[in-house]
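Okay, structure.cif is below, mmCIF, C-alpha atoms and all ligand atoms:
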```
data_my_file
loop_
_atom_site.label_atom_id
_atom_site.label_comp_id
_atom_site.auth_asym_id
_atom_site.auth_seq_id
_atom_site.Cartn_x
_atom_site.Cartn_y
_atom_site.Cartn_z
CA MET A 1284 -30.26 11.93 30.55
CA TYR A 1285 -27.80 12.61 33.41
CA PRO A 1286 -27.88 11.72 36.32
CA ILE A 1287 -29.81 8.58 35.32
CA ILE A 1288 -27.38 7.91 32.54
CA ARG A 1289 -23.70 7.92 33.40
CA ASN A 1290 -21.50 7.11 30.42
CA ARG A 1291 -18.53 6.31 32.64
CA ARG A 1292 -20.24 3.08 33.87
CA LEU A 1293 -19.17 1.43 30.64
CA ARG A 1294 -15.58 2.46 31.33
CA THR A 1295 -15.21 1.43 34.97
CA SER A 1296 -13.11 -1.73 34.47
CA ASP A 1297 -10.97 -3.38 31.89
CA ALA A 1298 -13.53 -6.19 31.67
CA ILE A 1299 -16.47 -3.96 30.78
CA ARG A 1300 -14.33 -1.99 28.35
CA ARG A 1301 -13.41 -5.25 26.62
CA LEU A 1302 -17.02 -6.39 26.52
CA VAL A 1303 -18.35 -3.27 24.84
CA ARG A 1304 -15.39 -2.56 22.56
CA GLU A 1305 -16.54 -1.90 18.99
CA THR A 1306 -13.31 -2.24 17.06
CA ILE A 1307 -10.69 -4.95 17.43
CA ILE A 1308 -7.55 -5.26 15.39
CA THR A 1309 -5.92 -8.60 14.62
CA PRO A 1310 -3.03 -9.78 12.41
CA ASP A 1311 -5.70 -10.60 9.80
CA ASP A 1312 -6.12 -6.88 9.18
CA PHE A 1313 -2.62 -6.30 7.89
CA LEU A 1314 -0.97 -6.39 4.51
CA VAL A 1315 2.82 -6.18 4.79
CA PRO A 1316 4.65 -4.03 2.21
CA LEU A 1317 8.05 -5.49 1.28
CA PHE A 1318 10.89 -3.88 -0.68
CA VAL A 1319 12.94 -6.24 -2.83
CA VAL A 1320 16.38 -5.62 -4.39
CA GLU A 1321 18.69 -7.53 -6.72
CA GLY A 1322 21.63 -9.38 -5.23
CA LYS A 1323 22.35 -11.85 -2.47
CA GLY A 1324 22.64 -11.49 1.27
CA ILE A 1325 21.34 -7.93 1.16
CA LYS A 1326 19.26 -6.51 3.96
CA GLU A 1327 19.77 -2.77 4.09
CA GLU A 1328 17.92 -0.41 6.37
CA ILE A 1329 16.10 2.47 4.67
CA PRO A 1330 17.47 5.64 6.30
CA SER A 1331 14.13 7.46 6.48
CA MET A 1332 12.32 4.29 7.61
CA PRO A 1333 14.10 3.01 10.75
CA ASN A 1334 13.94 -0.77 11.20
CA TYR A 1335 12.54 -1.26 7.67
CA TYR A 1336 14.66 -2.91 5.00
CA ARG A 1337 15.28 -3.54 1.36
CA MET A 1338 15.91 -7.25 0.92
CA SER A 1339 17.37 -9.57 -1.67
CA LEU A 1340 15.42 -12.71 -2.54
CA ASP A 1341 17.19 -14.94 0.03
CA HIS A 1342 16.22 -12.59 2.85
CA LEU A 1343 12.74 -12.22 1.38
CA GLU A 1344 12.28 -15.96 1.72
CA ASN A 1345 13.16 -15.89 5.44
CA GLU A 1346 11.09 -12.80 6.01
CA VAL A 1347 7.86 -14.23 4.61
CA LYS A 1348 8.32 -17.43 6.59
CA GLU A 1349 8.65 -15.33 9.72
CA LEU A 1350 5.60 -13.24 8.81
CA TRP A 1351 3.54 -16.36 8.24
CA LYS A 1352 4.59 -17.77 11.61
CA MET A 1353 3.52 -14.53 13.25
CA GLY A 1354 0.04 -14.94 11.77
CA LEU A 1355 0.35 -12.42 8.97
CA CYS A 1356 -1.23 -13.63 5.76
CA GLY A 1357 -0.63 -11.05 3.02
CA VAL A 1358 2.27 -9.17 1.47
CA LEU A 1359 2.43 -6.29 -0.97
CA LEU A 1360 5.57 -6.45 -3.10
CA PHE A 1361 7.64 -3.54 -4.42
CA VAL A 1362 10.93 -3.73 -6.28
CA LYS A 1363 13.92 -1.42 -6.52
CA VAL A 1364 15.10 -1.57 -10.10
CA PRO A 1365 18.74 -0.87 -11.07
CA GLU A 1366 19.14 2.43 -12.94
CA LYS A 1367 20.44 0.71 -16.07
CA LEU A 1368 17.20 -1.25 -16.48
CA LYS A 1369 14.98 1.84 -16.38
CA ASP A 1370 13.45 3.44 -19.47
CA ASN A 1371 10.43 5.54 -20.38
CA GLU A 1372 8.10 2.62 -21.17
CA GLY A 1373 8.99 0.40 -18.21
CA LYS A 1374 9.99 -2.51 -20.45
CA GLU A 1375 11.76 -4.29 -17.61
CA ALA A 1376 8.39 -4.54 -15.84
CA LEU A 1377 7.37 -7.16 -18.42
CA ASN A 1378 10.51 -9.28 -18.13
CA PRO A 1379 9.37 -12.77 -17.09
CA LYS A 1380 12.70 -13.15 -15.30
CA GLY A 1381 12.50 -9.67 -13.76
CA LEU A 1382 12.93 -8.99 -10.06
CA MET A 1383 9.20 -8.71 -9.31
CA GLN A 1384 8.43 -11.96 -11.12
CA LYS A 1385 11.23 -13.71 -9.18
CA ALA A 1386 10.04 -12.18 -5.91
CA ILE A 1387 6.50 -13.48 -6.45
CA LYS A 1388 7.84 -17.00 -7.05
CA THR A 1389 10.12 -16.78 -4.02
CA VAL A 1390 7.23 -15.88 -1.73
CA LYS A 1391 4.93 -18.54 -3.16
CA GLN A 1392 7.62 -21.20 -2.82
CA ALA A 1393 8.46 -20.22 0.75
CA CYS A 1394 4.84 -19.82 1.82
CA PRO A 1395 2.26 -21.16 -0.64
CA ASN A 1396 -0.70 -19.87 1.35
CA MET A 1397 0.60 -16.34 1.79
CA LEU A 1398 -1.50 -13.93 -0.27
CA VAL A 1399 0.74 -12.13 -2.72
CA MET A 1400 -0.22 -8.70 -4.00
CA THR A 1401 2.01 -6.76 -6.35
CA ASP A 1402 2.42 -3.07 -7.00
CA VAL A 1403 1.50 -2.22 -10.57
CA ALA A 1404 2.84 1.15 -11.75
CA LEU A 1405 5.77 2.22 -13.87
CA ASP A 1406 7.63 4.45 -11.41
CA PRO A 1407 10.24 1.96 -10.15
CA TYR A 1408 10.98 1.12 -13.80
CA SER A 1409 10.75 4.65 -15.19
CA SER A 1410 13.88 6.61 -16.02
CA TYR A 1411 11.79 9.70 -15.24
CA GLY A 1412 10.36 8.44 -11.96
CA HIS A 1413 6.77 8.67 -13.16
CA ASP A 1414 3.96 6.15 -12.88
CA GLY A 1415 3.34 6.37 -16.61
CA ILE A 1416 4.98 7.01 -19.96
CA VAL A 1417 6.20 10.59 -20.34
CA SER A 1418 5.76 12.46 -23.61
CA ASN A 1419 6.14 16.20 -24.21
CA GLY A 1420 5.84 17.05 -20.55
CA LYS A 1421 2.73 14.89 -20.08
CA ILE A 1422 1.99 11.47 -18.65
CA LEU A 1423 0.22 9.44 -21.33
CA ASN A 1424 -2.93 7.79 -20.00
CA ASP A 1425 -4.17 5.10 -22.38
CA GLU A 1426 -0.72 4.00 -23.52
CA THR A 1427 0.29 3.58 -19.87
CA ALA A 1428 -2.85 1.61 -19.04
CA GLU A 1429 -1.98 -0.86 -21.81
CA VAL A 1430 1.47 -1.49 -20.29
CA LEU A 1431 -0.12 -1.89 -16.85
CA GLY A 1432 -2.42 -4.54 -18.31
CA GLU A 1433 0.57 -6.49 -19.67
CA MET A 1434 2.43 -6.01 -16.40
CA SER A 1435 -0.52 -7.42 -14.47
CA VAL A 1436 -0.63 -10.49 -16.71
CA SER A 1437 3.09 -10.98 -16.16
CA HIS A 1438 2.59 -10.85 -12.38
CA ALA A 1439 -0.33 -13.27 -12.59
CA GLU A 1440 1.78 -15.67 -14.66
CA ALA A 1441 4.45 -15.56 -11.97
CA GLY A 1442 1.81 -16.46 -9.37
CA ALA A 1443 0.47 -13.20 -7.92
CA ASP A 1444 -2.96 -13.56 -6.30
CA PHE A 1445 -3.86 -9.87 -6.59
CA VAL A 1446 -2.45 -6.96 -8.52
CA ALA A 1447 -2.53 -3.52 -6.94
CA PRO A 1448 -2.40 -0.71 -9.51
CA SER A 1449 -1.07 2.42 -7.79
CA ASP A 1450 -0.71 4.66 -10.83
CA MET A 1451 -4.03 6.60 -11.01
CA MET A 1452 -4.40 6.44 -14.81
CA ASP A 1453 -8.06 6.66 -15.89
CA GLY A 1454 -9.62 3.40 -17.02
CA ARG A 1455 -6.70 1.21 -16.02
CA ILE A 1456 -8.81 -1.12 -13.91
CA LEU A 1457 -10.90 -2.08 -16.93
CA THR A 1458 -7.82 -2.48 -19.11
CA ILE A 1459 -6.17 -4.67 -16.47
CA ARG A 1460 -9.33 -6.73 -15.85
CA GLU A 1461 -9.73 -7.42 -19.56
CA ALA A 1462 -6.05 -8.26 -20.01
CA LEU A 1463 -6.18 -10.73 -17.11
CA ASP A 1464 -9.42 -12.33 -18.29
CA ASP A 1465 -8.16 -12.64 -21.87
CA GLU A 1466 -5.24 -14.69 -20.58
CA GLY A 1467 -7.46 -16.85 -18.38
CA PHE A 1468 -6.56 -15.23 -15.06
CA VAL A 1469 -10.17 -14.78 -14.06
CA ASP A 1470 -9.40 -15.44 -10.39
CA THR A 1471 -6.61 -12.91 -10.09
CA GLY A 1472 -7.96 -10.04 -8.03
CA ILE A 1473 -7.49 -6.30 -8.32
CA MET A 1474 -6.97 -4.03 -5.36
CA SER A 1475 -7.18 -0.56 -6.82
CA TYR A 1476 -5.47 2.46 -5.31
CA SER A 1477 -8.68 4.35 -6.04
CA ALA A 1478 -8.30 7.50 -3.97
CA LYS A 1479 -4.57 8.04 -4.09
CA TYR A 1480 -3.67 11.60 -3.23
CA ALA A 1481 -0.70 13.63 -4.46
CA SER A 1482 0.82 13.52 -1.00
CA ALA A 1483 4.14 14.58 0.47
CA PHE A 1484 3.83 11.64 2.86
CA TYR A 1485 5.37 9.33 0.20
CA GLY A 1486 8.85 10.83 0.60
CA PRO A 1487 10.54 7.97 2.49
CA PHE A 1488 9.08 5.40 0.07
CA ARG A 1489 10.64 7.22 -2.87
CA ASP A 1490 13.96 7.11 -1.00
CA ALA A 1491 13.49 3.39 -0.46
CA LEU A 1492 12.97 2.66 -4.15
CA ASP A 1493 14.88 5.59 -5.60
CA SER A 1494 11.71 6.35 -7.56
CA ALA A 1495 11.12 10.10 -7.18
CA PRO A 1496 10.37 12.13 -10.34
CA VAL A 1497 13.66 13.33 -11.85
CA HIS A 1498 14.50 16.99 -12.35
CA LEU A 1499 14.59 17.41 -16.11
CA GLU A 1500 13.07 19.92 -18.45
CA ASN A 1501 9.85 18.63 -19.97
CA VAL A 1502 9.34 16.10 -17.16
CA PRO A 1503 6.62 17.05 -14.63
CA LYS A 1504 8.29 17.57 -11.25
CA ASP A 1505 5.40 16.07 -9.31
CA LYS A 1506 2.49 13.65 -9.76
CA LYS A 1507 -0.34 16.19 -9.52
CA THR A 1508 -1.72 15.53 -13.02
CA TYR A 1509 -2.69 12.00 -12.04
CA GLN A 1510 -2.75 11.65 -8.25
CA MET A 1511 -5.64 13.40 -6.50
CA ASP A 1512 -5.74 16.88 -5.02
CA PRO A 1513 -5.75 16.57 -1.20
CA ALA A 1514 -8.50 19.20 -1.13
CA ASN A 1515 -11.07 16.91 -2.77
CA ARG A 1516 -13.65 14.61 -1.21
CA PHE A 1517 -16.38 13.90 -3.79
CA GLU A 1518 -13.78 13.05 -6.37
CA ALA A 1519 -12.61 10.19 -4.16
CA LEU A 1520 -16.08 8.66 -4.24
CA LYS A 1521 -16.23 9.01 -8.00
CA GLU A 1522 -12.83 7.31 -8.34
CA ALA A 1523 -13.90 4.42 -6.08
CA GLU A 1524 -17.25 3.94 -7.82
CA MET A 1525 -15.71 4.00 -11.29
CA ASP A 1526 -13.03 1.49 -10.24
CA ILE A 1527 -15.68 -0.85 -8.87
CA ASP A 1528 -17.63 -0.59 -12.14
CA GLU A 1529 -14.43 -1.44 -14.00
CA GLY A 1530 -13.87 -4.56 -11.90
CA ALA A 1531 -11.93 -3.59 -8.77
CA ASP A 1532 -12.39 -6.19 -6.02
CA ILE A 1533 -10.98 -3.95 -3.29
CA VAL A 1534 -10.66 -0.16 -3.29
CA MET A 1535 -7.97 1.69 -1.41
CA VAL A 1536 -7.51 5.10 0.17
CA LYS A 1537 -3.99 6.45 0.54
CA PRO A 1538 -2.43 7.93 2.69
CA GLY A 1539 -4.18 6.84 5.90
CA LEU A 1540 -4.32 9.04 8.94
CA ALA A 1541 -4.81 12.40 7.23
CA TYR A 1542 -7.55 10.94 5.00
CA LEU A 1543 -9.78 8.99 7.39
CA ASP A 1544 -12.77 11.17 6.47
CA ILE A 1545 -12.39 9.84 2.92
CA VAL A 1546 -12.18 6.27 4.21
CA ARG A 1547 -15.47 6.62 6.06
CA GLU A 1548 -17.09 8.37 3.13
CA ILE A 1549 -16.19 5.56 0.74
CA LYS A 1550 -16.97 2.84 3.29
CA ASN A 1551 -20.51 4.21 3.63
CA GLU A 1552 -21.10 4.12 -0.10
CA VAL A 1553 -19.52 0.97 -1.49
CA GLU A 1554 -20.07 -2.75 -1.06
CA VAL A 1555 -16.53 -3.97 -1.62
CA PRO A 1556 -13.77 -4.16 1.02
CA VAL A 1557 -11.97 -0.88 1.64
CA ALA A 1558 -8.21 -0.87 2.15
CA VAL A 1559 -6.08 1.86 3.65
CA TYR A 1560 -2.38 2.38 3.03
CA GLN A 1561 -0.68 3.82 6.09
CA VAL A 1562 2.23 5.24 4.11
CA SER A 1563 5.94 5.64 4.61
CA GLY A 1564 5.76 9.23 5.89
CA GLU A 1565 3.31 8.20 8.59
CA TYR A 1566 5.71 5.45 9.66
CA ALA A 1567 8.68 7.82 9.62
CA MET A 1568 6.89 10.46 11.72
CA LEU A 1569 6.13 8.09 14.57
CA LYS A 1570 9.57 6.45 14.49
CA ALA A 1571 11.20 9.88 14.68
CA ALA A 1572 8.98 11.15 17.49
CA ALA A 1573 9.50 7.93 19.45
CA GLU A 1574 13.27 8.11 18.96
CA LYS A 1575 13.23 11.56 20.50
CA GLY A 1576 11.16 10.26 23.39
CA TRP A 1577 8.28 12.54 22.50
CA LEU A 1578 5.67 9.84 21.84
CA ASP A 1579 5.20 6.34 23.19
CA HIS A 1580 5.79 4.25 20.10
CA ASP A 1581 3.69 1.16 20.75
CA THR A 1582 0.68 2.92 22.23
CA VAL A 1583 0.50 5.55 19.51
CA MET A 1584 1.01 2.90 16.82
CA MET A 1585 -1.88 0.77 18.10
CA GLU A 1586 -4.10 3.84 18.48
CA GLN A 1587 -3.43 4.82 14.88
CA LEU A 1588 -4.10 1.34 13.50
CA LEU A 1589 -7.28 1.09 15.54
CA SER A 1590 -8.41 4.49 14.25
CA ILE A 1591 -7.82 3.45 10.66
CA LYS A 1592 -9.95 0.35 11.20
CA ARG A 1593 -12.65 2.29 13.07
CA ALA A 1594 -12.82 4.72 10.15
CA GLY A 1595 -13.83 1.80 7.93
CA ALA A 1596 -10.72 -0.02 6.74
CA ASN A 1597 -11.18 -3.75 6.15
CA LEU A 1598 -7.48 -4.17 5.53
CA ILE A 1599 -4.49 -1.98 6.25
CA ALA A 1600 -1.23 -1.94 4.37
CA THR A 1601 1.23 -0.94 7.07
CA TYR A 1602 4.96 -0.96 7.79
CA PHE A 1603 3.98 -1.46 11.44
CA ALA A 1604 2.50 -4.93 10.87
CA LYS A 1605 5.25 -6.85 12.65
CA ASP A 1606 5.56 -4.30 15.46
CA ALA A 1607 1.81 -4.44 15.96
CA VAL A 1608 1.67 -8.23 16.11
CA ARG A 1609 4.46 -8.18 18.71
CA VAL A 1610 2.44 -5.77 20.82
CA MET A 1611 -0.72 -7.87 20.42
CA ASN A 1612 1.15 -10.97 21.59
CA SER A 1613 2.80 -9.33 24.60
C1 LIG A 1701 4.15 4.10 -6.61
C2 LIG A 1701 3.78 4.03 -5.20
C3 LIG A 1701 4.04 4.99 -4.21
C4 LIG A 1701 3.63 4.46 -3.01
C5 LIG A 1701 3.08 3.21 -3.27
N1 LIG A 1701 3.17 2.96 -4.63
C6 LIG A 1701 4.74 6.29 -4.32
C7 LIG A 1701 4.24 7.32 -5.23
O1 LIG A 1701 3.13 7.28 -5.73
O2 LIG A 1701 5.02 8.23 -5.48
C8 LIG A 1701 3.78 5.14 -1.69
C9 LIG A 1701 3.86 4.25 -0.49
C10 LIG A 1701 4.39 4.88 0.73
O3 LIG A 1701 4.71 6.08 0.81
O4 LIG A 1701 4.50 4.15 1.73
N2 LIG A 1701 3.18 4.14 -7.55
#
```

Would you write out, as structure tokens, the structure that this file holds?
Ligand code: PBG
Amino acid sequence: MYPIIRNRRLRTSDAIRRLVRETIITPDDFLVPLFVVEGKGIKEEIPSMPNYYRMSLDHLENEVKELWKMGLCGVLLFVKVPEKLKDNEGKEALNPKGLMQKAIKTVKQACPNMLVMTDVALDPYSSYGHDGIVSNGKILNDETAEVLGEMSVSHAEAGADFVAPSDMMDGRILTIREALDDEGFVDTGIMSYSAKYASAFYGPFRDALDSAPVHLENVPKDKKTYQMDPANRFEALKEAEMDIDEGADIVMVKPGLAYLDIVREIKNEVEVPVAVYQVSGEYAMLKAAAEKGWLDHDTVMMEQLLSIKRAGANLIATYFAKDAVRVMNS
């Protein structure tokens, strides 16, 4: 009790603050999302994501080498698929010579020890911009899960270490696990987007991949029938627990900052690593505020990453990974 106890003693110098610090972030915490496009010599900035790029395979190769040198050890791959290759079933997703499959090989050749995770969902391949097959105004669950299983096998064949299903179909983790095991990929891991909310924070990402739901009659205009209602907490636990039962090695909460209560809730209940995706809208907000001179970019960025880890994240998918490592090294 005060005055015997004075909490400020533990804050009097940098040295004591370092000694008693509970949470420390390192490059080992980060998974780097990368956007890949067809073509050669392409590195185009995403307008709503300043200093973040879509890259062709040649640039991807240089990028992962640079990431590895900086001490970053994991990437999460996304592809932007040309309009003419999109359809309702996402057939291009299974093409062994498709962009994702080539991207996986490119990364593994450039950097064999880099952990490669791949996004598994139909939206970049879907002519309707949905994560699943659309039929009569609905997103089909079990039919979609089957395709996701085949897609996961295709990624594993190309060399992916982990698949990361981001679609929110029920039962897809089990379908994917069984599909991988049937083909002998027993060591290929699954990081499940377990508590993925129907969030408006994904806007810039959908710009990056041109993957937003299209405006057509009989096509749902949003993803609310599969992604979670931001109002719900217990449902997130149920999602995470079911995914773990179905074979998820890592469970994820997404978005990050606005959902840290969910991160802590899940962290307290489960015994697998918990990942957080600090999403495109979170990145865009800070870049915009910093550009206006309203927030100090580096300090706010580090505070946010630290907060995500303190909330219980074991790994963080973040567009700030390189920026953060630069700050750590300076
Ligand atoms: C697609 C997918 C999305 C994100 C990751 N995978 C978008 C969506 O669900 O619409 C969002 C990532 C971000 O905003 O940074 N299944």

If you count all atoms listed in the file, which residues fall within 12 Å of Ala1607 in chain A, apart from same-chain ones fewer than 5 positions away, as a list in words? Ile1308, Thr1309, Pro1310, Asp1311, Asp1312, Phe1313, Leu1314, Val1315, Leu1350, Met1353, Gly1354, Leu1355, His1580, Asp1581, Thr1582, Val1583, Met1584, Met1585, Glu1586, Gln1587, Leu1588, Leu1589, Ile1599, Thr1601, Tyr1602, Asn1612 and Ser1613 of chain A

Could you list the protein, DNA and RNA residues that have any atom within 8 Å of ligand LIG 1701 (chain A), counting only C-alpha atoms and all ligand atoms, and write them as a PyMOL selection string? chain A and resi 1361+1402-1407+1413-1414+1448-1450+1479+1481+1484-1489+1494-1495+1506+1510+1538+1560-1564+1602

So the first atom is CA of Asn1378 in chain A and the second is CA of Ala1531 in chain A; what is the distance between them in Å, to one decimal place?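 Atom-to-atom, CA of Asn1378 in chain A to CA of Ala1531 in chain A, that is 25.0 Å.
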
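The two atoms in question, CA of Glu1522 in chain A and CA of Val1502 in chain A, are spaced 25.4 Å apart.
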
Check the smallest atom-to-atom distance from each of A:Ile1287, A:Ile1473, A:Val1364, A:Ile1416 to Met1452 in chain A using all atoms listed in the file, then report the winner.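 The shortest atom-to-atom distance to Met1452 in chain A comes from A:Ile1416.
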
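Using all atoms listed in the file, the residues found no farther than 9 Å from Glu1440 in chain A, other than those of its own chain fewer than 5 positions away, are Pro1379, Gln1384, Ser1435 and Phe1468 of chain A.
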
Taking all atoms listed in the file into account, name the residue in A:Arg1300, A:Lys1385, A:Lys1521, A:Arg1547 that is nearest to Lys1592 in chain A.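 Looking at the shortest contact to Lys1592 in chain A, the residue is A:Arg1547.
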
Would you mind reading off the distance between CA of Gly1357 in chain A and CA of Gly1373 in chain A, one decimal, in Å?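 A separation of 26.0 Å between them.
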
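When all atoms listed in the file are used to measure the gap to Val1417 in chain A, the shortest distance among A:Ala1443, A:Val1497, A:Ala1393, A:Ala1376 belongs to A:Val1497.
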
Could you list, as a list in words, every residue within 12 Å of Ala1441 in chain A, counting all atoms listed in the file and ignoring same-chain residues fewer than 5 positions away?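 My reading of the contact set: Leu1377, Asn1378, Pro1379, Lys1380, Gly1381, Leu1382, Met1383, Gln1384, Lys1385, Ala1386, Ile1387, Lys1388, Thr1389, Val1390, Lys1391, Gln1392, Val1399, Met1400, Thr1401, Met1434, Ser1435, Val1436, Val1446, Phe1468 and Thr1471 of chain A.
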